[in-house]
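What's in structure.pdb: PDB, C-alpha atoms
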ATOM      1  CA  MET P1152      18.331  17.261   5.623
ATOM      2  CA  PRO P1153      16.868  20.379   7.251
ATOM      3  CA  VAL P1154      13.611  20.317   9.163
ATOM      4  CA  LEU P1155      12.103  23.718   9.818
ATOM      5  CA  PRO P1156      12.372  24.757  13.494
ATOM      6  CA  ARG P1157       9.263  25.652  15.398
ATOM      7  CA  LEU P1158       8.032  29.214  15.405
ATOM      8  CA  ALA P1159       9.572  31.186  18.251
ATOM      9  CA  GLY P1160       7.509  33.155  20.731
ATOM     10  CA  PRO P1161       3.933  33.009  22.013
ATOM     11  CA  LEU P1162       2.610  35.634  19.597
ATOM     12  CA  ALA P1163       3.841  33.732  16.585
ATOM     13  CA  THR P1164       2.367  30.515  17.938
ATOM     14  CA  LEU P1165      -0.974  32.227  18.616
ATOM     15  CA  ARG P1166      -1.017  33.694  15.118
ATOM     16  CA  GLN P1167      -0.301  30.300  13.613
ATOM     17  CA  ARG P1168      -3.048  28.588  15.616
ATOM     18  CA  ALA P1169      -5.587  31.290  14.787
ATOM     19  CA  GLY P1170      -4.776  31.039  11.087
ATOM     20  CA  GLY P1171      -5.054  27.271  11.149
ATOM     21  CA  LEU P1172      -8.444  27.391  12.858
ATOM     22  CA  ALA P1173      -9.699  29.957  10.372
ATOM     23  CA  ALA P1174      -8.597  27.826   7.413
ATOM     24  CA  ARG P1175     -10.175  24.724   8.912
ATOM     25  CA  GLY P1176     -13.479  26.474   9.643
ATOM     26  CA  PHE P1177     -13.691  27.949   6.166
ATOM     27  CA  LEU P1178     -12.953  24.694   4.351
ATOM     28  CA  GLU P1179     -15.233  22.548   6.493
ATOM     29  CA  GLY P1180     -18.023  25.101   6.184
ATOM     30  CA  LEU P1181     -17.611  25.210   2.429
ATOM     31  CA  ALA P1182     -17.850  21.414   2.212
ATOM     32  CA  ARG P1183     -20.978  21.320   4.402
ATOM     33  CA  ALA P1184     -22.650  24.064   2.406
ATOM     34  CA  GLY P1185     -21.868  22.333  -0.868
ATOM     35  CA  ALA P1186     -23.327  19.069   0.392
ATOM     36  CA  LEU P1187     -26.695  20.813   0.847
ATOM     37  CA  HIS P1188     -27.003  21.629  -2.851
ATOM     38  CA  PRO P1189     -29.539  19.423  -4.694
ATOM     39  CA  HIS P1190     -26.882  18.392  -7.220
ATOM     40  CA  ALA P1191     -24.806  16.946  -4.361
ATOM     41  CA  ASP P1192     -27.304  14.112  -3.887
ATOM     42  CA  PRO P1193     -25.456  10.951  -5.031
ATOM     43  CA  ALA P1194     -28.678   9.278  -6.211
ATOM     44  CA  ARG P1195     -29.182  12.137  -8.652
ATOM     45  CA  HIS P1196     -26.029  10.932 -10.376
ATOM     46  CA  GLY P1197     -26.837   7.233 -10.225
ATOM     47  CA  VAL P1198     -24.495   6.695  -7.271
ATOM     48  CA  GLU P1199     -25.002   4.997  -3.914
ATOM     49  CA  VAL P1200     -22.854   5.348  -0.783
ATOM     50  CA  LEU P1201     -21.957   2.830   1.929
ATOM     51  CA  ARG P1202     -20.670   4.877   4.830
ATOM     52  CA  ASP P1203     -18.211   4.229   7.657
ATOM     53  CA  VAL P1204     -16.970   0.805   6.663
ATOM     54  CA  PRO P1205     -14.098  -0.184   9.041
ATOM     55  CA  TYR P1206     -10.815  -1.044   7.334
ATOM     56  CA  ARG P1207      -8.572  -1.827  10.352
ATOM     57  CA  PRO P1208      -9.949  -4.884  12.173
ATOM     58  CA  GLY P1209     -10.389  -4.359  15.890
ATOM     59  CA  SER P1210      -9.836  -0.592  15.779
ATOM     60  CA  THR P1211     -12.322   1.759  17.427
ATOM     61  CA  GLU P1212     -10.626   4.839  15.948
ATOM     62  CA  PRO P1213     -13.332   6.778  14.023
ATOM     63  CA  ARG P1214     -10.890   7.670  11.266
ATOM     64  CA  HIS P1215     -10.239   4.011  10.507
ATOM     65  CA  ARG P1216     -13.323   4.074   8.324
ATOM     66  CA  LEU P1217     -13.966   4.493   4.631
ATOM     67  CA  ASP P1218     -16.979   5.334   2.484
ATOM     68  CA  ILE P1219     -17.721   3.371  -0.683
ATOM     69  CA  TRP P1220     -19.179   5.364  -3.557
ATOM     70  CA  ARG P1221     -20.307   3.217  -6.489
ATOM     71  CA  PRO P1222     -22.703   3.236  -9.448
ATOM     72  CA  ILE P1223     -26.205   2.039  -8.550
ATOM     73  CA  LEU P1224     -26.552   0.239 -11.900
ATOM     74  CA  PRO P1225     -23.029  -0.803 -12.860
ATOM     75  CA  ARG P1226     -22.318  -2.354 -16.233
ATOM     76  CA  GLY P1227     -19.970  -4.787 -14.527
ATOM     77  CA  PRO P1228     -16.861  -4.414 -12.374
ATOM     78  CA  SER P1229     -15.673  -0.822 -12.460
ATOM     79  CA  PRO P1230     -12.287   0.808 -11.907
ATOM     80  CA  ALA P1231     -11.427   0.817  -8.197
ATOM     81  CA  VAL P1232     -10.293   4.209  -6.864
ATOM     82  CA  LEU P1233      -8.630   4.714  -3.482
ATOM     83  CA  TYR P1234      -9.124   8.398  -2.647
ATOM     84  CA  ILE P1235      -7.045  10.090   0.085
ATOM     85  CA  HIS P1236      -8.227  13.482   1.296
ATOM     86  CA  GLY P1237      -5.992  16.502   1.815
ATOM     87  CA  GLY P1238      -5.813  18.959   4.689
ATOM     88  CA  ALA P1239      -2.146  19.489   5.627
ATOM     89  CA  PHE P1240      -2.132  16.112   7.453
ATOM     90  CA  ARG P1241      -4.032  17.741  10.323
ATOM     91  CA  ILE P1242      -7.528  18.823   9.234
ATOM     92  CA  LEU P1243     -10.463  17.743   7.036
ATOM     93  CA  SER P1244     -11.833  14.265   6.447
ATOM     94  CA  LYS P1245     -13.501  11.901   4.026
ATOM     95  CA  GLU P1246     -16.743  13.772   4.790
ATOM     96  CA  THR P1247     -15.304  17.086   3.569
ATOM     97  CA  HIS P1248     -14.140  15.350   0.386
ATOM     98  CA  TRP P1249     -17.472  13.917  -0.722
ATOM     99  CA  LEU P1250     -17.164  15.937  -3.947
ATOM    100  CA  MET P1251     -14.003  14.123  -5.045
ATOM    101  CA  ALA P1252     -15.609  10.730  -4.423
ATOM    102  CA  LEU P1253     -18.746  11.741  -6.311
ATOM    103  CA  ALA P1254     -16.703  13.062  -9.236
ATOM    104  CA  PHE P1255     -15.123   9.640  -9.752
ATOM    105  CA  ALA P1256     -18.208   7.552  -8.960
ATOM    106  CA  ARG P1257     -20.542   9.411 -11.330
ATOM    107  CA  ARG P1258     -18.182   8.573 -14.162
ATOM    108  CA  GLY P1259     -18.314   4.866 -13.481
ATOM    109  CA  CYS P1260     -15.741   4.158 -10.739
ATOM    110  CA  THR P1261     -16.065   2.367  -7.408
ATOM    111  CA  VAL P1262     -14.465   4.776  -4.941
ATOM    112  CA  PHE P1263     -13.024   3.943  -1.530
ATOM    113  CA  ASN P1264     -12.871   7.357   0.158
ATOM    114  CA  ILE P1265     -10.787   6.838   3.287
ATOM    115  CA  GLY P1266     -10.163   8.514   6.604
ATOM    116  CA  TYR P1267      -6.835   8.404   8.414
ATOM    117  CA  ARG P1268      -5.380   9.645  11.694
ATOM    118  CA  LEU P1269      -4.324  13.285  11.805
ATOM    119  CA  ALA P1270      -1.432  15.225  13.300
ATOM    120  CA  PRO P1271      -0.425  16.601  15.716
ATOM    121  CA  GLN P1272      -2.114  13.968  17.887
ATOM    122  CA  HIS P1273      -0.967  11.294  15.439
ATOM    123  CA  PRO P1274       2.246  12.433  13.708
ATOM    124  CA  PHE P1275       4.116  10.641  10.947
ATOM    125  CA  PRO P1276       4.015   7.756  10.169
ATOM    126  CA  ALA P1277       0.441   7.286  11.466
ATOM    127  CA  ALA P1278      -1.216   8.597   8.281
ATOM    128  CA  ILE P1279       0.761   6.496   5.812
ATOM    129  CA  ASP P1280       0.424   3.501   8.154
ATOM    130  CA  ASP P1281      -3.369   3.916   7.906
ATOM    131  CA  VAL P1282      -3.258   4.422   4.136
ATOM    132  CA  CYS P1283      -1.304   1.184   3.690
ATOM    133  CA  HIS P1284      -3.863  -0.681   5.824
ATOM    134  CA  ALA P1285      -6.708   0.849   3.803
ATOM    135  CA  HIS P1286      -4.970  -0.308   0.629
ATOM    136  CA  ALA P1287      -4.693  -3.830   2.063
ATOM    137  CA  TRP P1288      -8.422  -3.777   2.897
ATOM    138  CA  VAL P1289      -9.275  -2.632  -0.628
ATOM    139  CA  ALA P1290      -7.026  -5.335  -2.087
ATOM    140  CA  GLN P1291      -9.042  -7.925  -0.169
ATOM    141  CA  HIS P1292     -12.550  -6.500  -0.451
ATOM    142  CA  ALA P1293     -12.815  -4.349  -3.610
ATOM    143  CA  ALA P1294     -14.270  -7.105  -5.779
ATOM    144  CA  ARG P1295     -17.271  -7.739  -3.532
ATOM    145  CA  HIS P1296     -18.160  -4.049  -3.854
ATOM    146  CA  GLY P1297     -17.808  -3.979  -7.624
ATOM    147  CA  GLY P1298     -14.267  -2.625  -7.839
ATOM    148  CA  ASP P1299     -11.833  -4.017 -10.392
ATOM    149  CA  LEU P1300      -8.258  -4.075  -9.066
ATOM    150  CA  ALA P1301      -6.896  -4.600 -12.571
ATOM    151  CA  ARG P1302      -8.001  -0.976 -13.091
ATOM    152  CA  TYR P1303      -6.882   0.372  -9.721
ATOM    153  CA  VAL P1304      -6.333   4.122  -9.305
ATOM    154  CA  VAL P1305      -4.771   5.780  -6.261
ATOM    155  CA  ALA P1306      -5.598   9.489  -6.016
ATOM    156  CA  GLY P1307      -5.430  12.378  -3.589
ATOM    157  CA  GLU P1308      -4.808  16.097  -3.389
ATOM    158  CA  SER P1309      -2.372  18.178  -1.311
ATOM    159  CA  ALA P1310      -1.435  16.076   1.740
ATOM    160  CA  GLY P1311      -3.481  13.304   0.158
ATOM    161  CA  ALA P1312      -1.253  13.529  -2.921
ATOM    162  CA  ASN P1313       1.750  13.008  -0.662
ATOM    163  CA  LEU P1314       0.125   9.938   0.883
ATOM    164  CA  ALA P1315      -0.981   8.588  -2.501
ATOM    165  CA  THR P1316       2.582   8.899  -3.797
ATOM    166  CA  ALA P1317       3.975   7.345  -0.611
ATOM    167  CA  LEU P1318       1.567   4.418  -1.023
ATOM    168  CA  ALA P1319       2.792   3.956  -4.589
ATOM    169  CA  VAL P1320       6.358   3.901  -3.215
ATOM    170  CA  ALA P1321       5.316   1.230  -0.686
ATOM    171  CA  THR P1322       3.752  -0.939  -3.397
ATOM    172  CA  CYS P1323       6.562  -0.537  -5.952
ATOM    173  CA  PHE P1324       9.673  -0.561  -3.710
ATOM    174  CA  ARG P1325      10.258  -3.303  -1.151
ATOM    175  CA  ARG P1326      10.750  -1.541   2.187
ATOM    176  CA  ALA P1327      11.424  -2.317   5.848
ATOM    177  CA  GLU P1328       8.429  -0.615   7.522
ATOM    178  CA  PRO P1329       5.817  -3.213   8.550
ATOM    179  CA  PHE P1330       2.954  -1.203   7.057
ATOM    180  CA  ALA P1331       4.872  -0.757   3.790
ATOM    181  CA  GLN P1332       5.542  -4.505   3.723
ATOM    182  CA  LEU P1333       1.808  -5.069   4.199
ATOM    183  CA  ALA P1334       1.032  -2.904   1.159
ATOM    184  CA  PHE P1335       3.763  -4.479  -0.960
ATOM    185  CA  ASP P1336       2.796  -8.033  -0.093
ATOM    186  CA  THR P1337      -0.797  -7.559  -1.281
ATOM    187  CA  GLY P1338       0.578  -7.817  -4.818
ATOM    188  CA  VAL P1339      -1.859  -5.056  -5.796
ATOM    189  CA  ARG P1340      -0.311  -1.974  -7.363
ATOM    190  CA  PRO P1341      -1.893   1.122  -8.905
ATOM    191  CA  ARG P1342      -2.624   1.050 -12.598
ATOM    192  CA  ALA P1343      -2.546   4.855 -12.398
ATOM    193  CA  LEU P1344      -1.532   7.463  -9.810
ATOM    194  CA  VAL P1345      -3.189  10.877  -9.451
ATOM    195  CA  PRO P1346      -1.368  13.223  -7.018
ATOM    196  CA  MET P1347      -3.028  16.631  -7.466
ATOM    197  CA  CYS P1348      -1.276  19.785  -6.187
ATOM    198  CA  GLY P1349       0.814  17.739  -3.784
ATOM    199  CA  MET P1350       3.220  18.645  -1.009
ATOM    200  CA  LEU P1351       5.497  15.773  -1.909
ATOM    201  CA  GLN P1352       8.351  16.599   0.463
ATOM    202  CA  VAL P1353       7.347  17.514   4.008
ATOM    203  CA  THR P1354      10.844  18.179   5.323
ATOM    204  CA  ASP P1355      12.368  21.587   4.607
ATOM    205  CA  SER P1356       9.082  23.363   3.982
ATOM    206  CA  ALA P1357      11.115  26.582   4.089
ATOM    207  CA  ARG P1358      12.085  25.829   0.478
ATOM    208  CA  PHE P1359       8.770  27.335  -0.611
ATOM    209  CA  GLU P1360       9.620  30.605   1.154
ATOM    210  CA  ARG P1361      13.092  30.658  -0.390
ATOM    211  CA  ARG P1362      11.583  30.131  -3.820
ATOM    212  CA  ARG P1363       8.752  32.624  -3.359
ATOM    213  CA  PRO P1364       9.717  35.196  -0.701
ATOM    214  CA  GLN P1365       6.600  37.205  -1.570
ATOM    215  CA  LEU P1366       4.342  34.536   0.005
ATOM    216  CA  SER P1367       1.921  35.982   2.522
ATOM    217  CA  ARG P1368       2.499  35.416   6.226
ATOM    218  CA  PHE P1369      -0.693  33.337   6.282
ATOM    219  CA  MET P1370       0.657  30.967   3.619
ATOM    220  CA  LYS P1371       4.095  30.789   5.261
ATOM    221  CA  ASP P1372       2.436  29.771   8.525
ATOM    222  CA  ARG P1373       0.414  27.061   6.776
ATOM    223  CA  MET P1374       3.589  25.647   5.214
ATOM    224  CA  ARG P1375       5.456  25.683   8.497
ATOM    225  CA  GLU P1376       2.745  23.988  10.488
ATOM    226  CA  VAL P1377       2.715  21.050   8.080
ATOM    227  CA  THR P1378       6.308  20.206   8.964
ATOM    228  CA  GLN P1379       6.001  21.178  12.624
ATOM    229  CA  HIS P1380       2.889  19.113  13.328
ATOM    230  CA  TYR P1381       3.338  16.153  10.986
ATOM    231  CA  LEU P1382       6.948  15.237  11.729
ATOM    232  CA  PRO P1383       7.886  14.053  15.230
ATOM    233  CA  GLY P1384      10.808  16.044  16.554
ATOM    234  CA  ASP P1385      13.004  13.043  17.305
ATOM    235  CA  THR P1386      12.652  11.381  13.892
ATOM    236  CA  VAL P1387      15.966  10.863  12.117
ATOM    237  CA  ASP P1388      16.629  11.303   8.415
ATOM    238  CA  PRO P1389      16.417   7.680   7.148
ATOM    239  CA  GLU P1390      13.040   7.219   8.816
ATOM    240  CA  LEU P1391      11.465  10.102   6.886
ATOM    241  CA  GLU P1392      11.487   8.687   3.365
ATOM    242  CA  LEU P1393       7.747   8.044   3.208
ATOM    243  CA  ALA P1394       7.110  11.615   4.368
ATOM    244  CA  ASP P1395       9.173  12.699   1.341
ATOM    245  CA  PRO P1396       8.141  10.304  -1.454
ATOM    246  CA  LEU P1397       9.379  12.773  -4.049
ATOM    247  CA  ARG P1398      12.951  12.315  -2.810
ATOM    248  CA  VAL P1399      12.634   8.563  -3.339
ATOM    249  CA  LEU P1400      11.672   9.172  -6.960
ATOM    250  CA  GLU P1401      14.518  11.661  -7.387
ATOM    251  CA  SER P1402      16.995   9.060  -6.136
ATOM    252  CA  ASP P1403      18.693   6.390  -8.229
ATOM    253  CA  ARG P1404      16.891   3.573  -6.461
ATOM    254  CA  VAL P1405      15.409   1.008  -8.838
ATOM    255  CA  PRO P1406      11.834  -0.095  -8.027
ATOM    256  CA  ASP P1407      10.930  -3.751  -7.657
ATOM    257  CA  HIS P1408       7.824  -3.119  -9.765
ATOM    258  CA  ALA P1409       7.164  -0.550 -12.478
ATOM    259  CA  TRP P1410       5.928   2.852 -11.358
ATOM    260  CA  PRO P1411       2.360   3.549 -12.534
ATOM    261  CA  PRO P1412       1.485   6.127 -15.197
ATOM    262  CA  THR P1413       0.900   9.388 -13.361
ATOM    263  CA  PHE P1414      -1.363  12.403 -13.845
ATOM    264  CA  ALA P1415      -0.786  15.563 -11.792
ATOM    265  CA  GLY P1416      -2.487  18.932 -12.041
ATOM    266  CA  VAL P1417      -1.596  22.170 -10.271
ATOM    267  CA  GLY P1418      -2.373  25.881 -10.501
ATOM    268  CA  THR P1419       0.425  28.244 -11.469
ATOM    269  CA  LYS P1420      -0.237  30.338  -8.343
ATOM    270  CA  ASP P1421      -0.228  27.341  -6.019
ATOM    271  CA  PRO P1422       2.574  27.746  -3.429
ATOM    272  CA  LEU P1423       3.257  24.002  -3.849
ATOM    273  CA  LEU P1424       3.776  24.273  -7.623
ATOM    274  CA  ASP P1425       7.466  23.380  -7.498
ATOM    275  CA  ASP P1426       6.867  19.921  -6.062
ATOM    276  CA  THR P1427       4.722  18.990  -9.071
ATOM    277  CA  ARG P1428       7.419  20.302 -11.402
ATOM    278  CA  ARG P1429       9.991  18.163  -9.598
ATOM    279  CA  LEU P1430       7.687  15.145  -9.827
ATOM    280  CA  ARG P1431       7.408  15.549 -13.589
ATOM    281  CA  ARG P1432      11.189  15.756 -13.983
ATOM    282  CA  ALA P1433      11.782  12.741 -11.725
ATOM    283  CA  LEU P1434       9.276  10.549 -13.564
ATOM    284  CA  GLU P1435      10.440  11.639 -17.015
ATOM    285  CA  ARG P1436      13.997  10.728 -16.011
ATOM    286  CA  ARG P1437      12.728   7.296 -15.003
ATOM    287  CA  GLY P1438      10.869   6.866 -18.299
ATOM    288  CA  VAL P1439       7.446   6.735 -16.624
ATOM    289  CA  PRO P1440       4.390   7.898 -18.616
ATOM    290  CA  VAL P1441       3.490  11.178 -16.909
ATOM    291  CA  ASP P1442       0.942  13.850 -17.792
ATOM    292  CA  VAL P1443       1.383  17.053 -15.782
ATOM    293  CA  ARG P1444      -0.959  19.974 -16.411
ATOM    294  CA  TYR P1445      -0.500  23.558 -15.213
ATOM    295  CA  TYR P1446      -3.583  25.769 -14.907
ATOM    296  CA  PRO P1447      -2.852  29.492 -15.313
ATOM    297  CA  GLY P1448      -3.661  31.754 -12.393
ATOM    298  CA  GLU P1449      -5.157  29.031 -10.191
ATOM    299  CA  MET P1450      -4.439  28.609  -6.490
ATOM    300  CA  HIS P1451      -4.185  25.489  -4.338
ATOM    301  CA  ALA P1452      -6.825  22.771  -4.841
ATOM    302  CA  PHE P1453      -8.742  24.935  -7.310
ATOM    303  CA  HIS P1454     -10.256  21.818  -8.924
ATOM    304  CA  ALA P1455     -12.546  21.439  -5.885
ATOM    305  CA  LEU P1456     -14.383  24.572  -7.092
ATOM    306  CA  VAL P1457     -16.063  22.652  -9.876
ATOM    307  CA  PHE P1458     -17.983  25.659 -11.211
ATOM    308  CA  ARG P1459     -14.732  27.302 -12.346
ATOM    309  CA  ARG P1460     -13.644  26.939 -15.964
ATOM    310  CA  ASN P1461     -10.171  25.671 -15.113
ATOM    311  CA  ALA P1462     -11.624  23.170 -12.645
ATOM    312  CA  VAL P1463     -13.852  21.726 -15.377
ATOM    313  CA  ARG P1464     -10.822  21.585 -17.617
ATOM    314  CA  ALA P1465      -8.717  19.854 -14.938
ATOM    315  CA  TRP P1466     -11.311  17.135 -14.379
ATOM    316  CA  ALA P1467     -11.680  16.675 -18.150
ATOM    317  CA  ASP P1468      -7.902  16.330 -18.492
ATOM    318  CA  LEU P1469      -7.801  13.816 -15.643
ATOM    319  CA  PHE P1470     -10.538  11.614 -17.084
ATOM    320  CA  ALA P1471      -9.027  11.769 -20.555
ATOM    321  CA  PHE P1472      -5.834  10.417 -18.973
ATOM    322  CA  LEU P1473      -7.713   7.673 -17.113
ATOM    323  CA  ARG P1474      -9.625   6.650 -20.231
ATOM    324  CA  LEU P1475      -6.281   6.226 -21.973
ATOM    325  CA  GLN P1476      -4.452   4.451 -19.134
ATOM    326  CA  VAL P1477      -7.176   2.611 -17.224
ATOM    327  CA  ASP P1478     -10.546   2.258 -18.926
ATOM    328  CA  ALA P1479     -11.682   3.618 -22.283
ATOM    329  CA  GLU P1480     -15.309   3.217 -21.156
ATOM    330  CA  LEU P1481     -15.148   5.789 -18.355
ATOM    331  CA  ARG P1482     -17.786   8.425 -18.901
ATOM    332  CA  PRO P1483     -16.475  11.781 -20.149
ATOM    333  CA  ILE P1484     -17.268  15.119 -18.514
ATOM    334  CA  GLY P1485     -20.903  16.011 -19.088
ATOM    335  CA  ALA P1486     -22.077  12.456 -19.666
TER     336      ALA P1486
END

Output the file's structure as structure tokens, nothing else.
Amino acid sequence: MPVLPRLAGPLATLRQRAGGLAARGFLEGLARAGALHPHADPARHGVEVLRDVPYRPGSTEPRHRLDIWRPILPRGPSPAVLYIHGGAFRILSKETHWLMALAFARRGCTVFNIGYRLAPQHPFPAAIDDVCHAHAWVAQHAARHGGDLARYVVAGESAGANLATALAVATCFRRAEPFAQLAFDTGVRPRALVPMCGMLQVTDSARFERRRPQLSRFMKDRMREVTQHYLPGDTVDPELELADPLRVLESDRVPDHAWPPTFAGVGTKDPLLDDTRRLRRALERRGVPVDVRYYPGEMHAFHALVFRRNAVRAWADLFAFLRLQVDAELRPIGA
């Protein structure tokens, strides 16, 4: 299985670093600016937030924290949502993804919006290790915060979609990794999975360039740095399965527990589009209920721009799916 080699030469490395810093600054600035808008106030939507709750006992790592977003006046236990932020496994945070947590909470969910360790300081499998521990914490503590694990949703976008899918693998397939065993042994499995615009195979990121040679140099660099920074150079093929959860689903391996119904949305101009197409084919072959939506002309993570027509449509499609699969009482868009 090929793993993309590192960029050669100091100029290429400098270009890659500069592009990565620019992308990080833009996205973090956008999230901060959005949080200043009056409509971003959770209380305005009947939502309260408990911030920086530790989920790994004894850890002093700041990213081993989660925020709990929940209705102020719940009608009873509400669907529990574990949300995993994106950011190419190396940037962004639960703080930049407040909008995703609010979107679920204002429609009646209890959301556990988690942080996790980032590459390159913490390469694979640190992130999925953290996600499995966060899942174990939620399995133990969701009820006291109003979350109903019988209506448990695991969701994320981009790198977070990869980690959400990998967590579903860990809960549905018995595996050897200690953190995967921890997740499996909780006995808690998603009622629904929502991997939006995911990079579901981290190895061989050059496949996107082969498929779309017209990709800009900026986008090619972003693809390459995911593989280069997330995967440790001495990792061997069998150890990479949870970095490539899509390949597990494309295999003939039979899960120990049924795979959850899955919703995935992606823009038709998203460079990662092909991974969502492959996910749909893999789940259809397995007979899993899957609802994949393609949004014409939209780029990566477009649904975060909630003022756009296709973003409104994507959220409406997602909640229609969750009302069908998880809870018919979830509030529709506009409620």

- Excluding same-chain residues fewer than 6 positions from Arg1444 in chain P, what lies within 12 Å of it counting only C-alpha atoms, as a ChimeraX atom specification? /P:1345-1348,1413-1419,1424,1427-1428,1430-1431,1461-1462,1464-1469,1472

- Can you turn the PyMOL selection byres ((chain P and resi 1298-1310) around 7) into a concrete residue list for this file, as a VMD selection string? chain P and resid 1228 to 1240 1261 1293 to 1294 1296 to 1297 1311 to 1315 1341 to 1350 1477

- Item | Among listed residues P:Ala1455, P:Val1353, P:Val1320, P:Leu1397, nearest His1380 in chain P (using all atoms listed in the file) |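 The answer is P:Val1353, which sits nearest to His1380 in chain P.
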
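Between CA of Leu1201 in chain P and CA of Arg1268 in chain P the interatomic distance comes to 20.4 Å.
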
With only C-alpha atoms counted, which protein, DNA or RNA residues have an atom no more than 12 Å from (12.2, 20.3, 2.3) in the file frame? Please answer as an mmCIF file with C-alpha atoms, in the frame of the given file.
data_model
loop_
_atom_site.group_PDB
_atom_site.id
_atom_site.type_symbol
_atom_site.label_atom_id
_atom_site.label_comp_id
_atom_site.auth_asym_id
_atom_site.auth_seq_id
_atom_site.Cartn_x
_atom_site.Cartn_y
_atom_site.Cartn_z
ATOM 1 C CA MET P 1152 18.331 17.261 5.623
ATOM 2 C CA PRO P 1153 16.868 20.379 7.251
ATOM 3 C CA VAL P 1154 13.611 20.317 9.163
ATOM 4 C CA LEU P 1155 12.103 23.718 9.818
ATOM 5 C CA MET P 1350 3.220 18.645 -1.009
ATOM 6 C CA LEU P 1351 5.497 15.773 -1.909
ATOM 7 C CA GLN P 1352 8.351 16.599 0.463
ATOM 8 C CA VAL P 1353 7.347 17.514 4.008
ATOM 9 C CA THR P 1354 10.844 18.179 5.323
ATOM 10 C CA ASP P 1355 12.368 21.587 4.607
ATOM 11 C CA SER P 1356 9.082 23.363 3.982
ATOM 12 C CA ALA P 1357 11.115 26.582 4.089
ATOM 13 C CA ARG P 1358 12.085 25.829 0.478
ATOM 14 C CA PHE P 1359 8.770 27.335 -0.611
ATOM 15 C CA GLU P 1360 9.620 30.605 1.154
ATOM 16 C CA ARG P 1361 13.092 30.658 -0.390
ATOM 17 C CA ARG P 1362 11.583 30.131 -3.820
ATOM 18 C CA MET P 1374 3.589 25.647 5.214
ATOM 19 C CA ARG P 1375 5.456 25.683 8.497
ATOM 20 C CA VAL P 1377 2.715 21.050 8.080
ATOM 21 C CA THR P 1378 6.308 20.206 8.964
ATOM 22 C CA LEU P 1382 6.948 15.237 11.729
ATOM 23 C CA ASP P 1388 16.629 11.303 8.415
ATOM 24 C CA LEU P 1391 11.465 10.102 6.886
ATOM 25 C CA GLU P 1392 11.487 8.687 3.365
ATOM 26 C CA ALA P 1394 7.110 11.615 4.368
ATOM 27 C CA ASP P 1395 9.173 12.699 1.341
ATOM 28 C CA PRO P 1396 8.141 10.304 -1.454
ATOM 29 C CA LEU P 1397 9.379 12.773 -4.049
ATOM 30 C CA ARG P 1398 12.951 12.315 -2.810
ATOM 31 C CA LEU P 1423 3.257 24.002 -3.849
ATOM 32 C CA ASP P 1425 7.466 23.380 -7.498
ATOM 33 C CA ASP P 1426 6.867 19.921 -6.062
#

- Task: Give as a list of chain:residue names the residues that the PyMOL selection byres ((chain P and resi 1273-1277) around 10) matches when applied to the coordinates above.
- Result: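 What the PyMOL selection byres ((chain P and resi 1273-1277) around 10) grabs from the file is P:Phe1240, P:Arg1241, P:Tyr1267, P:Arg1268, P:Leu1269, P:Ala1270, P:Pro1271, P:Gln1272, P:Ala1278, P:Ile1279, P:Asp1280, P:Asp1281, P:Val1282, P:Glu1328, P:Phe1330, P:Thr1378, P:Gln1379, P:His1380, P:Tyr1381, P:Leu1382, P:Pro1383, P:Gly1384, P:Thr1386, P:Glu1390, P:Leu1391, P:Leu1393, P:Ala1394.
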
Residue subset to file, keeping C-alpha atoms, as an mmCIF file, in the coordinates of the input:
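The new file result.cif reads:
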data_model
loop_
_atom_site.group_PDB
_atom_site.id
_atom_site.type_symbol
_atom_site.label_atom_id
_atom_site.label_comp_id
_atom_site.auth_asym_id
_atom_site.auth_seq_id
_atom_site.Cartn_x
_atom_site.Cartn_y
_atom_site.Cartn_z
ATOM 1 C CA PHE P 1240 -2.132 16.112 7.453
ATOM 2 C CA ARG P 1241 -4.032 17.741 10.323
ATOM 3 C CA TYR P 1267 -6.835 8.404 8.414
ATOM 4 C CA ARG P 1268 -5.380 9.645 11.694
ATOM 5 C CA LEU P 1269 -4.324 13.285 11.805
ATOM 6 C CA ALA P 1270 -1.432 15.225 13.300
ATOM 7 C CA PRO P 1271 -0.425 16.601 15.716
ATOM 8 C CA GLN P 1272 -2.114 13.968 17.887
ATOM 9 C CA ALA P 1278 -1.216 8.597 8.281
ATOM 10 C CA ILE P 1279 0.761 6.496 5.812
ATOM 11 C CA ASP P 1280 0.424 3.501 8.154
ATOM 12 C CA ASP P 1281 -3.369 3.916 7.906
ATOM 13 C CA VAL P 1282 -3.258 4.422 4.136
ATOM 14 C CA GLU P 1328 8.429 -0.615 7.522
ATOM 15 C CA PHE P 1330 2.954 -1.203 7.057
ATOM 16 C CA THR P 1378 6.308 20.206 8.964
ATOM 17 C CA GLN P 1379 6.001 21.178 12.624
ATOM 18 C CA HIS P 1380 2.889 19.113 13.328
ATOM 19 C CA TYR P 1381 3.338 16.153 10.986
ATOM 20 C CA LEU P 1382 6.948 15.237 11.729
ATOM 21 C CA PRO P 1383 7.886 14.053 15.230
ATOM 22 C CA GLY P 1384 10.808 16.044 16.554
ATOM 23 C CA THR P 1386 12.652 11.381 13.892
ATOM 24 C CA GLU P 1390 13.040 7.219 8.816
ATOM 25 C CA LEU P 1391 11.465 10.102 6.886
ATOM 26 C CA LEU P 1393 7.747 8.044 3.208
ATOM 27 C CA ALA P 1394 7.110 11.615 4.368
#

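CA of Arg1295 in chain P to CA of Ile1219 in chain P spans 11.5 Å [interatomic distance, one decimal].
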
- Task: Could you tell me which residues the PyMOL selection byres ((chain P and resi 1196) around 10) returns for this structure, as a ChimeraX atom specification?
- Result: /P:1190-1195,1197-1199,1222-1223,1253-1254,1256-1258

- Atomic distance CA of Met1251 in chain P - CA of Gln1332 in chain P, expressed in Å with one decimal: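 Those two atoms sit 28.4 Å apart.
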